[in-house]
>>> print(open('structure-v5.txt').read())   # compact mmCIF, C-alpha atoms
# COMPACT_ATOMS: atom_id res chain seq x y z
CA MET A 1 102.04 -28.88 -72.75
CA LYS A 2 100.97 -25.33 -73.47
CA LYS A 3 104.17 -24.85 -75.45
CA LYS A 4 103.58 -27.92 -77.59
CA VAL A 5 100.07 -26.86 -78.53
CA ARG A 6 101.33 -23.38 -79.40
CA ILE A 7 104.02 -24.73 -81.65
CA SER A 8 101.51 -26.91 -83.41
CA ALA A 9 99.10 -23.99 -83.86
CA TYR A 10 101.91 -21.96 -85.42
CA ASN A 11 102.84 -24.83 -87.73
CA THR A 12 99.29 -25.09 -88.98
CA ASN A 13 99.26 -21.37 -89.68
CA ASP A 14 102.61 -21.66 -91.43
CA GLN A 15 101.39 -24.55 -93.57
CA ILE A 16 98.32 -22.60 -94.72
CA ALA A 17 100.50 -19.53 -95.27
CA ALA A 18 102.76 -21.60 -97.53
CA GLN A 19 99.72 -22.74 -99.52
CA ASN A 20 98.51 -19.14 -99.81
CA ARG A 21 101.98 -18.04 -100.93
CA ALA A 22 102.11 -20.73 -103.65
CA LEU A 23 98.66 -19.70 -104.90
CA PHE A 24 99.65 -16.02 -105.01
CA ALA A 25 102.86 -16.90 -106.89
CA ASP A 26 100.89 -18.98 -109.42
CA HIS A 27 98.69 -15.98 -110.15
CA ARG A 28 101.50 -13.42 -110.00
CA VAL A 29 99.74 -11.46 -107.26
CA PHE A 30 101.99 -9.25 -105.11
CA VAL A 31 100.68 -9.40 -101.54
CA LEU A 32 101.28 -6.88 -98.74
CA ASN A 33 100.41 -7.34 -95.08
CA LEU A 34 99.97 -3.93 -93.39
CA ILE A 35 100.49 -3.98 -89.64
CA GLY A 36 100.21 -1.06 -87.23
CA SER A 37 98.55 0.33 -84.10
CA PRO A 38 94.86 1.21 -83.97
CA GLY A 39 94.47 4.60 -85.60
CA CYS A 40 97.89 4.83 -87.29
CA GLY A 41 96.13 5.45 -90.60
CA LYS A 42 96.25 2.11 -92.43
CA THR A 43 92.81 2.56 -93.98
CA LEU A 44 93.41 6.16 -95.09
CA LEU A 45 96.71 5.04 -96.65
CA LEU A 46 94.78 2.43 -98.66
CA GLU A 47 92.08 4.96 -99.58
CA LYS A 48 94.76 7.23 -101.01
CA MET A 49 96.16 4.33 -103.07
CA ILE A 50 92.84 3.53 -104.75
CA GLY A 51 93.43 5.95 -107.63
CA GLU A 52 96.50 3.91 -108.58
CA PHE A 53 95.20 0.42 -107.87
CA ARG A 54 91.41 0.52 -108.31
CA GLU A 55 91.27 -1.89 -111.23
CA ASN A 56 94.01 -4.38 -110.42
CA SER A 57 93.94 -4.93 -106.67
CA GLY A 58 91.95 -6.65 -103.96
CA ILE A 59 91.77 -5.55 -100.34
CA LEU A 60 91.07 -7.63 -97.22
CA VAL A 61 90.59 -5.72 -93.97
CA GLY A 62 90.74 -7.40 -90.59
CA ASP A 63 88.96 -5.98 -87.59
CA VAL A 64 87.94 -7.35 -84.21
CA LYS A 65 84.41 -6.11 -84.85
CA THR A 66 82.53 -4.17 -87.55
CA ALA A 67 83.16 -3.79 -91.29
CA LEU A 68 83.64 -0.01 -90.95
CA ASP A 69 87.00 0.05 -92.74
CA SER A 70 86.11 -2.17 -95.70
CA ASN A 71 82.90 -0.16 -96.13
CA ARG A 72 84.97 3.04 -96.10
CA LEU A 73 87.15 1.64 -98.88
CA ILE A 74 84.14 0.62 -100.98
CA LYS A 75 82.63 4.07 -100.46
CA SER A 76 85.92 5.64 -101.52
CA GLY A 77 85.61 3.83 -104.83
CA HIS A 78 87.39 0.52 -104.37
CA PRO A 79 85.17 -2.25 -105.79
CA GLN A 80 86.98 -5.29 -104.35
CA SER A 81 87.31 -4.58 -100.64
CA TYR A 82 86.14 -7.12 -98.07
CA GLY A 83 86.09 -7.13 -94.28
CA ILE A 84 87.17 -10.02 -92.07
CA GLU A 85 85.72 -9.86 -88.56
CA THR A 86 87.98 -11.79 -86.20
CA GLY A 87 85.28 -11.89 -83.50
CA GLY A 88 87.64 -10.93 -80.69
CA GLY A 89 90.82 -12.27 -82.28
CA CYS A 90 93.83 -9.97 -82.07
CA HIS A 91 95.34 -10.78 -85.48
CA LEU A 92 94.53 -12.21 -88.91
CA SER A 93 95.56 -15.82 -89.56
CA ALA A 94 96.56 -17.51 -92.80
CA GLY A 95 93.33 -19.53 -92.60
CA MET A 96 91.18 -16.38 -92.48
CA ILE A 97 92.91 -15.13 -95.63
CA ARG A 98 92.49 -18.48 -97.41
CA ASP A 99 88.78 -18.55 -96.50
CA HIS A 100 88.23 -15.18 -98.20
CA LEU A 101 90.23 -15.72 -101.40
CA ASP A 102 87.24 -17.10 -103.31
CA ARG A 103 85.87 -13.55 -103.35
CA PHE A 104 88.51 -12.63 -105.93
CA ASP A 105 89.41 -13.69 -109.44
CA LEU A 106 93.11 -13.93 -108.58
CA SER A 107 94.18 -14.07 -112.22
CA GLY A 108 92.78 -10.55 -112.62
CA LEU A 109 94.74 -9.11 -109.68
CA ASP A 110 98.23 -7.60 -109.61
CA TYR A 111 98.10 -6.73 -105.90
CA LEU A 112 96.36 -7.94 -102.76
CA PHE A 113 96.52 -5.50 -99.86
CA ILE A 114 95.80 -6.96 -96.43
CA GLU A 115 95.07 -4.54 -93.59
CA ASN A 116 95.66 -6.46 -90.37
CA VAL A 117 93.89 -5.90 -87.03
CA GLY A 118 95.14 -2.70 -85.36
CA ASN A 119 97.80 -4.13 -83.05
CA LEU A 120 101.59 -3.70 -82.99
CA VAL A 121 102.24 -7.02 -81.26
CA CYS A 122 100.34 -10.17 -82.23
CA PRO A 123 99.97 -9.78 -86.03
CA SER A 124 103.78 -9.66 -86.32
CA SER A 125 104.03 -13.36 -85.49
CA PHE A 126 101.54 -14.74 -88.01
CA ASP A 127 102.61 -15.33 -91.60
CA LEU A 128 99.67 -14.90 -93.98
CA GLY A 129 101.54 -15.93 -97.12
CA GLU A 130 102.32 -12.33 -98.07
CA ASN A 131 105.35 -11.19 -100.08
CA THR A 132 106.01 -8.23 -97.82
CA LYS A 133 105.16 -7.25 -94.28
CA VAL A 134 104.74 -3.48 -93.98
CA ALA A 135 104.90 -1.76 -90.59
CA VAL A 136 102.80 1.40 -90.40
CA LEU A 137 103.80 3.93 -87.75
CA SER A 138 102.34 7.38 -87.13
CA VAL A 139 103.76 10.55 -85.65
CA PRO A 140 101.23 11.01 -82.78
CA GLU A 141 102.13 7.56 -81.38
CA GLY A 142 105.57 8.79 -80.35
CA ASP A 143 109.05 8.01 -81.61
CA GLU A 144 110.01 5.08 -79.36
CA LYS A 145 107.68 2.44 -80.80
CA VAL A 146 110.36 0.60 -82.81
CA ARG A 147 112.38 -0.03 -79.67
CA LYS A 148 109.34 -1.05 -77.62
CA TYR A 149 107.77 -3.41 -80.17
CA PRO A 150 110.78 -5.01 -81.90
CA THR A 151 109.25 -8.17 -83.42
CA LEU A 152 107.42 -6.38 -86.21
CA PHE A 153 110.51 -4.39 -87.17
CA LEU A 154 112.69 -7.47 -87.40
CA ASN A 155 110.27 -8.89 -89.98
CA ALA A 156 109.01 -5.86 -91.93
CA ALA A 157 110.69 -5.20 -95.29
CA ALA A 158 109.11 -1.75 -95.42
CA VAL A 159 108.08 0.83 -92.83
CA VAL A 160 105.63 3.64 -93.56
CA ILE A 161 105.86 6.56 -91.12
CA ASN A 162 102.46 8.22 -91.54
CA LYS A 163 100.99 11.58 -90.45
CA ILE A 164 104.21 13.52 -91.11
CA ASP A 165 102.02 16.62 -91.56
CA LEU A 166 102.00 16.63 -87.72
CA LEU A 167 105.80 16.75 -87.39
CA GLY A 168 105.69 20.52 -86.95
CA ILE A 169 103.39 20.44 -83.93
CA MET A 170 104.59 17.27 -82.18
CA ASP A 171 107.82 16.22 -80.58
CA TYR A 172 108.95 13.34 -82.83
CA ASN A 173 112.53 12.50 -83.77
CA ILE A 174 112.04 10.92 -87.20
CA GLU A 175 115.78 10.40 -87.75
CA GLN A 176 115.94 8.36 -84.54
CA VAL A 177 112.97 6.27 -85.72
CA LYS A 178 114.71 5.54 -89.04
CA LYS A 179 117.90 4.63 -87.20
CA ASP A 180 115.97 2.26 -84.89
CA CYS A 181 114.30 0.62 -87.92
CA ARG A 182 117.69 0.06 -89.59
CA ALA A 183 119.16 -1.33 -86.38
CA HIS A 184 116.55 -4.10 -86.55
CA ASN A 185 116.78 -4.59 -90.31
CA PRO A 186 119.57 -2.84 -92.23
CA GLY A 187 117.87 -3.35 -95.62
CA VAL A 188 114.48 -1.95 -94.61
CA LYS A 189 112.80 0.55 -96.96
CA ILE A 190 111.39 3.55 -95.10
CA PHE A 191 108.68 5.90 -96.41
CA ALA A 192 107.75 9.11 -94.61
CA VAL A 193 104.26 10.05 -95.80
CA SER A 194 101.13 11.94 -94.99
CA ALA A 195 98.17 10.01 -96.37
CA GLN A 196 96.14 13.11 -95.46
CA THR A 197 98.10 15.66 -97.53
CA GLY A 198 99.64 13.26 -100.08
CA GLU A 199 103.21 14.17 -99.13
CA GLY A 200 105.62 11.29 -99.84
CA MET A 201 102.91 9.10 -101.40
CA GLU A 202 104.44 9.04 -104.90
CA ARG A 203 107.65 7.42 -103.65
CA TRP A 204 105.61 4.78 -101.77
CA LEU A 205 103.56 3.98 -104.91
CA GLU A 206 106.74 3.75 -106.98
CA TYR A 207 108.11 1.22 -104.50
CA LEU A 208 104.97 -0.91 -104.85
CA ARG A 209 105.12 -0.82 -108.64
CA GLY A 210 108.83 -1.70 -108.54
CA GLU A 211 108.30 -4.64 -106.18
CA ARG A 212 105.62 -6.13 -108.44
CA ASP A 213 107.81 -5.63 -111.52
CA ALA A 214 110.61 -7.47 -109.72
CA LEU A 215 108.20 -10.29 -108.86
CA LEU A 216 107.15 -10.64 -112.50
CA ALA A 217 110.78 -10.52 -113.72
CA SER A 218 111.76 -13.22 -111.22
CA GLY A 219 109.02 -15.60 -112.46
CA MET B 1 92.20 -29.47 -77.64
CA LYS B 2 93.44 -25.98 -78.29
CA LYS B 3 90.30 -24.66 -76.63
CA LYS B 4 90.76 -26.76 -73.50
CA VAL B 5 94.30 -25.54 -72.96
CA ARG B 6 93.18 -21.96 -73.43
CA ILE B 7 90.41 -22.28 -70.87
CA SER B 8 92.82 -23.73 -68.38
CA ALA B 9 95.31 -20.93 -68.98
CA TYR B 10 92.58 -18.37 -68.34
CA ASN B 11 91.51 -20.12 -65.15
CA THR B 12 95.02 -20.03 -63.80
CA ASN B 13 95.22 -16.33 -64.56
CA ASP B 14 91.85 -15.79 -62.86
CA GLN B 15 92.98 -17.71 -59.78
CA ILE B 16 96.12 -15.62 -59.42
CA ALA B 17 94.10 -12.47 -60.09
CA ALA B 18 91.77 -13.43 -57.23
CA GLN B 19 94.77 -13.87 -54.93
CA ASN B 20 96.14 -10.48 -56.01
CA ARG B 21 92.75 -8.88 -55.40
CA ALA B 22 92.51 -10.35 -51.89
CA LEU B 23 96.00 -9.07 -51.09
CA PHE B 24 95.18 -5.57 -52.38
CA ALA B 25 91.95 -5.54 -50.33
CA ASP B 26 93.83 -6.60 -47.18
CA HIS B 27 96.18 -3.65 -47.62
CA ARG B 28 93.50 -1.20 -48.76
CA VAL B 29 95.32 -0.51 -52.02
CA PHE B 30 93.17 0.82 -54.85
CA VAL B 31 94.44 -0.72 -58.10
CA LEU B 32 93.93 0.58 -61.64
CA ASN B 33 94.75 -1.28 -64.86
CA LEU B 34 95.32 1.23 -67.70
CA ILE B 35 94.76 -0.22 -71.17
CA GLY B 36 95.14 1.57 -74.51
CA SER B 37 96.84 1.59 -77.91
CA PRO B 38 100.56 2.18 -78.33
CA GLY B 39 101.12 5.92 -78.10
CA CYS B 40 97.73 6.92 -76.65
CA GLY B 41 99.54 8.67 -73.81
CA LYS B 42 99.29 6.29 -70.84
CA THR B 43 102.76 7.13 -69.55
CA LEU B 44 102.34 10.89 -69.89
CA LEU B 45 99.02 10.61 -68.05
CA LEU B 46 100.83 8.86 -65.19
CA GLU B 47 103.65 11.43 -65.27
CA LYS B 48 101.09 14.19 -64.81
CA MET B 49 99.58 12.34 -61.83
CA ILE B 50 102.86 12.09 -59.94
CA GLY B 51 102.42 15.44 -58.20
CA GLU B 52 99.27 14.06 -56.58
CA PHE B 53 100.39 10.50 -55.89
CA ARG B 54 104.19 10.59 -55.52
CA GLU B 55 104.24 9.46 -51.90
CA ASN B 56 101.39 6.98 -51.73
CA SER B 57 101.42 5.05 -54.99
CA GLY B 58 103.30 2.35 -56.83
CA ILE B 59 103.49 1.99 -60.59
CA LEU B 60 104.06 -1.15 -62.68
CA VAL B 61 104.61 -0.62 -66.41
CA GLY B 62 104.34 -3.47 -68.91
CA ASP B 63 106.17 -3.35 -72.21
CA VAL B 64 107.10 -5.95 -74.81
CA LYS B 65 110.67 -4.71 -74.66
CA THR B 66 112.68 -1.97 -72.88
CA ALA B 67 112.09 -0.18 -69.57
CA LEU B 68 111.78 3.19 -71.32
CA ASP B 69 108.45 4.07 -69.71
CA SER B 70 109.26 3.09 -66.13
CA ASN B 71 112.55 4.98 -66.45
CA ARG B 72 110.62 8.03 -67.70
CA LEU B 73 108.42 7.87 -64.61
CA ILE B 74 111.40 7.58 -62.26
CA LYS B 75 113.06 10.52 -64.04
CA SER B 76 109.85 12.52 -63.67
CA GLY B 77 110.11 12.07 -59.92
CA HIS B 78 108.17 8.92 -59.10
CA PRO B 79 110.28 6.82 -56.75
CA GLN B 80 108.32 3.55 -56.94
CA SER B 81 107.99 2.81 -60.64
CA TYR B 82 109.02 -0.57 -62.04
CA GLY B 83 109.02 -2.02 -65.56
CA ILE B 84 107.81 -5.48 -66.52
CA GLU B 85 109.23 -6.72 -69.82
CA THR B 86 106.87 -9.30 -71.30
CA GLY B 87 109.54 -10.52 -73.74
CA GLY B 88 107.22 -10.59 -76.72
CA GLY B 89 103.98 -11.10 -74.78
CA CYS B 90 101.07 -8.91 -75.84
CA HIS B 91 99.56 -8.30 -72.39
CA LEU B 92 100.34 -8.38 -68.67
CA SER B 93 99.15 -11.41 -66.72
CA ALA B 94 98.11 -11.69 -63.08
CA GLY B 95 101.24 -13.78 -62.48
CA MET B 96 103.52 -11.03 -63.77
CA ILE B 97 101.89 -8.59 -61.34
CA ARG B 98 102.16 -11.04 -58.42
CA ASP B 99 105.86 -11.61 -59.19
CA HIS B 100 106.58 -7.88 -58.89
CA LEU B 101 104.57 -7.09 -55.75
CA ASP B 102 107.52 -7.77 -53.42
CA ARG B 103 109.05 -4.54 -54.74
CA PHE B 104 106.48 -2.59 -52.72
CA ASP B 105 105.56 -2.20 -49.07
CA LEU B 106 101.84 -2.59 -49.81
CA SER B 107 100.79 -1.30 -46.39
CA GLY B 108 102.35 2.06 -47.34
CA LEU B 109 100.44 2.37 -50.62
CA ASP B 110 97.03 3.88 -51.30
CA TYR B 111 97.17 3.28 -55.06
CA LEU B 112 98.82 0.90 -57.49
CA PHE B 113 98.74 2.07 -61.11
CA ILE B 114 99.37 -0.61 -63.72
CA GLU B 115 100.17 0.52 -67.25
CA ASN B 116 99.47 -2.45 -69.51
CA VAL B 117 101.25 -3.26 -72.80
CA GLY B 118 100.12 -0.89 -75.57
CA ASN B 119 97.37 -2.97 -77.18
CA LEU B 120 93.61 -2.41 -77.44
CA VAL B 121 92.78 -6.10 -77.79
CA CYS B 122 94.56 -8.74 -75.69
CA PRO B 123 94.99 -6.96 -72.32
CA SER B 124 91.18 -6.57 -72.12
CA SER B 125 90.75 -10.29 -71.48
CA PHE B 126 93.22 -10.72 -68.62
CA ASP B 127 92.15 -9.87 -65.07
CA LEU B 128 95.14 -8.71 -63.02
CA GLY B 129 93.23 -8.39 -59.74
CA GLU B 130 92.62 -4.67 -60.24
CA ASN B 131 89.68 -2.72 -58.82
CA THR B 132 89.13 -0.82 -62.03
CA LYS B 133 89.99 -1.28 -65.70
CA VAL B 134 90.58 2.08 -67.37
CA ALA B 135 90.46 2.40 -71.16
CA VAL B 136 92.70 5.16 -72.51
CA LEU B 137 91.79 6.53 -75.94
CA SER B 138 93.40 9.42 -77.80
CA VAL B 139 92.10 11.86 -80.39
CA PRO B 140 94.63 11.09 -83.19
CA GLU B 141 93.55 7.42 -83.19
CA GLY B 142 90.17 8.32 -84.65
CA ASP B 143 86.66 8.23 -83.21
CA GLU B 144 85.56 4.71 -84.19
CA LYS B 145 87.78 2.71 -81.84
CA VAL B 146 85.04 1.89 -79.30
CA ARG B 147 82.98 0.20 -81.99
CA LYS B 148 85.94 -1.66 -83.48
CA TYR B 149 87.43 -2.94 -80.21
CA PRO B 150 84.37 -3.63 -78.04
CA THR B 151 85.76 -6.04 -75.42
CA LEU B 152 87.69 -3.41 -73.50
CA PHE B 153 84.71 -1.07 -73.38
CA LEU B 154 82.39 -3.75 -72.02
CA ASN B 155 84.76 -4.17 -69.08
CA ALA B 156 86.18 -0.71 -68.41
CA ALA B 157 84.56 1.24 -65.56
CA ALA B 158 86.30 4.43 -66.72
CA VAL B 159 87.41 5.79 -70.09
CA VAL B 160 90.00 8.54 -70.46
CA ILE B 161 89.88 10.33 -73.83
CA ASN B 162 93.36 11.87 -74.03
CA LYS B 163 94.96 14.50 -76.30
CA ILE B 164 91.84 16.69 -76.45
CA ASP B 165 94.17 19.62 -77.18
CA LEU B 166 94.16 18.18 -80.74
CA LEU B 167 90.36 18.35 -81.12
CA GLY B 168 90.63 21.66 -82.97
CA ILE B 169 92.90 20.33 -85.70
CA MET B 170 91.55 16.81 -86.15
CA ASP B 171 88.27 15.37 -87.25
CA TYR B 172 87.03 13.62 -84.09
CA ASN B 173 83.42 13.35 -82.93
CA ILE B 174 83.87 13.17 -79.16
CA GLU B 175 80.11 13.07 -78.48
CA GLN B 176 79.82 9.96 -80.68
CA VAL B 177 82.71 8.34 -78.78
CA LYS B 178 80.98 9.00 -75.45
CA LYS B 179 77.73 7.60 -76.84
CA ASP B 180 79.54 4.46 -78.06
CA CYS B 181 81.14 4.02 -74.62
CA ARG B 182 77.75 4.29 -72.89
CA ALA B 183 76.19 1.85 -75.37
CA HIS B 184 78.67 -0.77 -74.12
CA ASN B 185 78.46 0.22 -70.47
CA PRO B 186 75.76 2.68 -69.37
CA GLY B 187 77.46 3.40 -66.02
CA VAL B 188 80.91 4.17 -67.46
CA LYS B 189 82.72 7.29 -66.22
CA ILE B 190 84.25 9.30 -69.05
CA PHE B 191 87.07 11.84 -68.69
CA ALA B 192 88.13 14.10 -71.57
CA VAL B 193 91.66 15.26 -70.81
CA SER B 194 94.88 16.55 -72.24
CA ALA B 195 97.75 15.17 -70.21
CA GLN B 196 99.91 17.59 -72.19
CA THR B 197 98.09 20.82 -71.25
CA GLY B 198 96.46 19.63 -68.02
CA GLU B 199 92.92 20.28 -69.26
CA GLY B 200 90.41 17.98 -67.54
CA MET B 201 93.02 16.44 -65.24
CA GLU B 202 91.52 17.77 -62.00
CA ARG B 203 88.22 15.92 -62.57
CA TRP B 204 90.15 12.69 -63.30
CA LEU B 205 92.18 13.05 -60.07
CA GLU B 206 89.00 13.76 -58.10
CA TYR B 207 87.51 10.55 -59.44
CA LEU B 208 90.55 8.57 -58.29
CA ARG B 209 90.43 10.11 -54.80
CA GLY B 210 86.69 9.41 -54.62
CA GLU B 211 87.06 5.78 -55.67
CA ARG B 212 89.70 5.13 -53.02
CA ASP B 213 87.55 6.84 -50.36
CA ALA B 214 84.67 4.60 -51.37
CA LEU B 215 86.93 1.55 -51.07
CA LEU B 216 87.98 2.57 -47.54
CA ALA B 217 84.38 3.28 -46.52
CA SER B 218 83.25 -0.11 -47.80
CA GLY B 219 85.90 -1.95 -45.75
>>> encode(input="structure-v5.txt", output="structure tokens")
Amino acid sequence: MKKKVRISAYNTNDQIAAQNRALFADHRVFVLNLIGSPGCGKTLLLEKMIGEFRENSGILVGDVKTALDSNRLIKSGHPQSYGIETGGGCHLSAGMIRDHLDRFDLSGLDYLFIENVGNLVCPSSFDLGENTKVAVLSVPEGDEKVRKYPTLFLNAAAVVINKIDLLGIMDYNIEQVKKDCRAHNPGVKIFAVSAQTGEGMERWLEYLRGERDALLASG
Amino acid sequence: MKKKVRISAYNTNDQIAAQNRALFADHRVFVLNLIGSPGCGKTLLLEKMIGEFRENSGILVGDVKTALDSNRLIKSGHPQSYGIETGGGCHLSAGMIRDHLDRFDLSGLDYLFIENVGNLVCPSSFDLGENTKVAVLSVPEGDEKVRKYPTLFLNAAAVVINKIDLLGIMDYNIEQVKKDCRAHNPGVKIFAVSAQTGEGMERWLEYLRGERDALLASG
């Protein structure tokens, strides 16, 4: 019985995700779902992208409690950043995204960035209607995370390995991490960056611009 | 309907947890449930405790996939370390613990250390029958985690702040973190340690010895 209810809950999420996806496609909005551990640097990554995307993007930030991250983004100069408190929930759902879309004029957006709840497990299994799932890793977490938390890496089209400024002082085999990512998904795009120092950020921004261009060309 | 099923699932977990707890009490085993983000250093913390507890402890290590961590502990010299693969599950359950207890001669153990799945959210809500929930934080994760993930800190009797060797090179307000912990639980015991360098470890080990002594005295 438990199984049945679970399947039905997933279906409902998938149905709403499909509606979200159709709405995003109508408005030509390229949507990213950023998933990573607590403290891997998702918010700082977004802060460092504001210069590029201030005018043409919206941001939704999920957290169990507080609006600390969305407030940080507003303070950093992003006008359209909103927090979603899950109230104990371990992941964002397609319904939570849908319920916050009226905050935006979608026809004015090129990108919607969704920062999921800090969690390497549960958010991987919930489609939000995004174009691309992005896994965010960070050097201090250790280099075996791809093997230990495979679901996300089977589904992520892009992986950002953040905090590479710490590679010099920590034991972290980045080549092994890349190899593990490709073992799960041979076509995955991998970006080694330091949101802190800016290293590698230009290539990541280029990827985002290219993906949106491809979306427009395909429509 | 979804709610009803959930409540019943929790009750079943609580019932098994109560059975586990009674069994541990019968055998005078002091049981800790270590909960923290992926990469906060739970396994290294345990590795650095082996010298003290090699002979008189068991270890159960939960992971979504792989037995990397339990193998690490065996390689480090702990003879009674076993992995529990959750197969996608985001937390250990009381039933998973129960199903692995026949690996131990409980009457020969003083301690059972349980390393939960790396996740700051879901494991907080599942009683395993432990004496003490321990929250493990780490400096690179950032100093706002207690506010953003409150459930764990309402329930944890002890908090280990790990990787304090990185305090010098990272922006981390440890006094604010301690204050946030005490705001959730005024009686919480807080240990600032570096499992890597050994700093602060002696006080943490003393606490564990003291808690087990108190358990014996109370019986």
>>> interface_residues(input="structure-v5.txt", of="chain A", to="chain B", cutoff="10 Å", atoms="all atoms listed in the file", output="ChimeraX atom specification")
/A:1-2,5-6,8-9,36-41,63-69,85,87-91,117-122,125,138-151,163
>>> closest_residue(input="structure-v5.txt", among="A:Pro186, A:Gly198, A:Pro79, A:Gly95", to="A:Asn56", atoms="all atoms listed in the file")
A:Pro79
>>> closest_residue(input="structure-v5.txt", among="A:Asp127, A:Lys178, A:Thr86, A:Arg54", to="A:Gln19", atoms="only C-alpha atoms")
A:Asp127
>>> residues_around(input="structure-v5.txt", residues="B:Val134", least_positions_apart="2", cutoff="6 Å", atoms="all atoms listed in the file", output="CSV table (one decimal) with C-alpha atoms, in the coordinates of the input")
chain,number,residue,atom,x,y,z
B,33,ASN,CA,94.8,-1.3,-64.9
B,34,LEU,CA,95.3,1.2,-67.7
B,156,ALA,CA,86.2,-0.7,-68.4
B,158,ALA,CA,86.3,4.4,-66.7
B,159,VAL,CA,87.4,5.8,-70.1
>>> closest_residue(input="structure-v5.txt", among="B:Gln196, B:Thr12, B:Ser70, B:Thr43", to="B:Ile164", atoms="all atoms listed in the file")
B:Gln196
>>> atom_distance(input="structure-v5.txt", atom1="atom CA of A:Gln80", atom2="atom CA of A:Gly58")
5.2 Å
>>> atom_distance(input="structure-v5.txt", atom1="atom CA of B:Ala18", atom2="atom CA of B:Met49")
27.3 Å
>>> atom_distance(input="structure-v5.txt", atom1="atom CA of B:Ile114", atom2="atom CA of B:Val61")
5.9 Å
>>> residues_around(input="structure-v5.txt", residues="B:Lys133", least_positions_apart="2", cutoff="12 Å", atoms="only C-alpha atoms", output="count of residues only")
34
>>> residues_near_point(input="structure-v5.txt", point="(92.4, 11.2, -59.3)", cutoff="12 Å", atoms="only C-alpha atoms", output="count of residues only")
31
>>> residues_near_point(input="structure-v5.txt", point="(92.2, 19.4, -76.9)", cutoff="8 Å", atoms="all atoms listed in the file", output="CSV table (one decimal) with C-alpha atoms, keeping the file's coordinate frame")
chain,number,residue,atom,x,y,z
B,163,LYS,CA,95.0,14.5,-76.3
B,164,ILE,CA,91.8,16.7,-76.4
B,165,ASP,CA,94.2,19.6,-77.2
B,166,LEU,CA,94.2,18.2,-80.7
B,167,LEU,CA,90.4,18.4,-81.1
B,168,GLY,CA,90.6,21.7,-83.0
B,193,VAL,CA,91.7,15.3,-70.8
B,194,SER,CA,94.9,16.6,-72.2
B,199,GLU,CA,92.9,20.3,-69.3
>>> closest_residue(input="structure-v5.txt", among="A:His78, A:Arg72, A:Arg98, A:Lys42", to="A:Phe24", atoms="all atoms listed in the file")
A:Arg98
>>> closest_residue(input="structure-v5.txt", among="A:Glu47, A:Asp180, A:Asp14, A:Glu55", to="A:Leu109", atoms="only C-alpha atoms")
A:Glu55
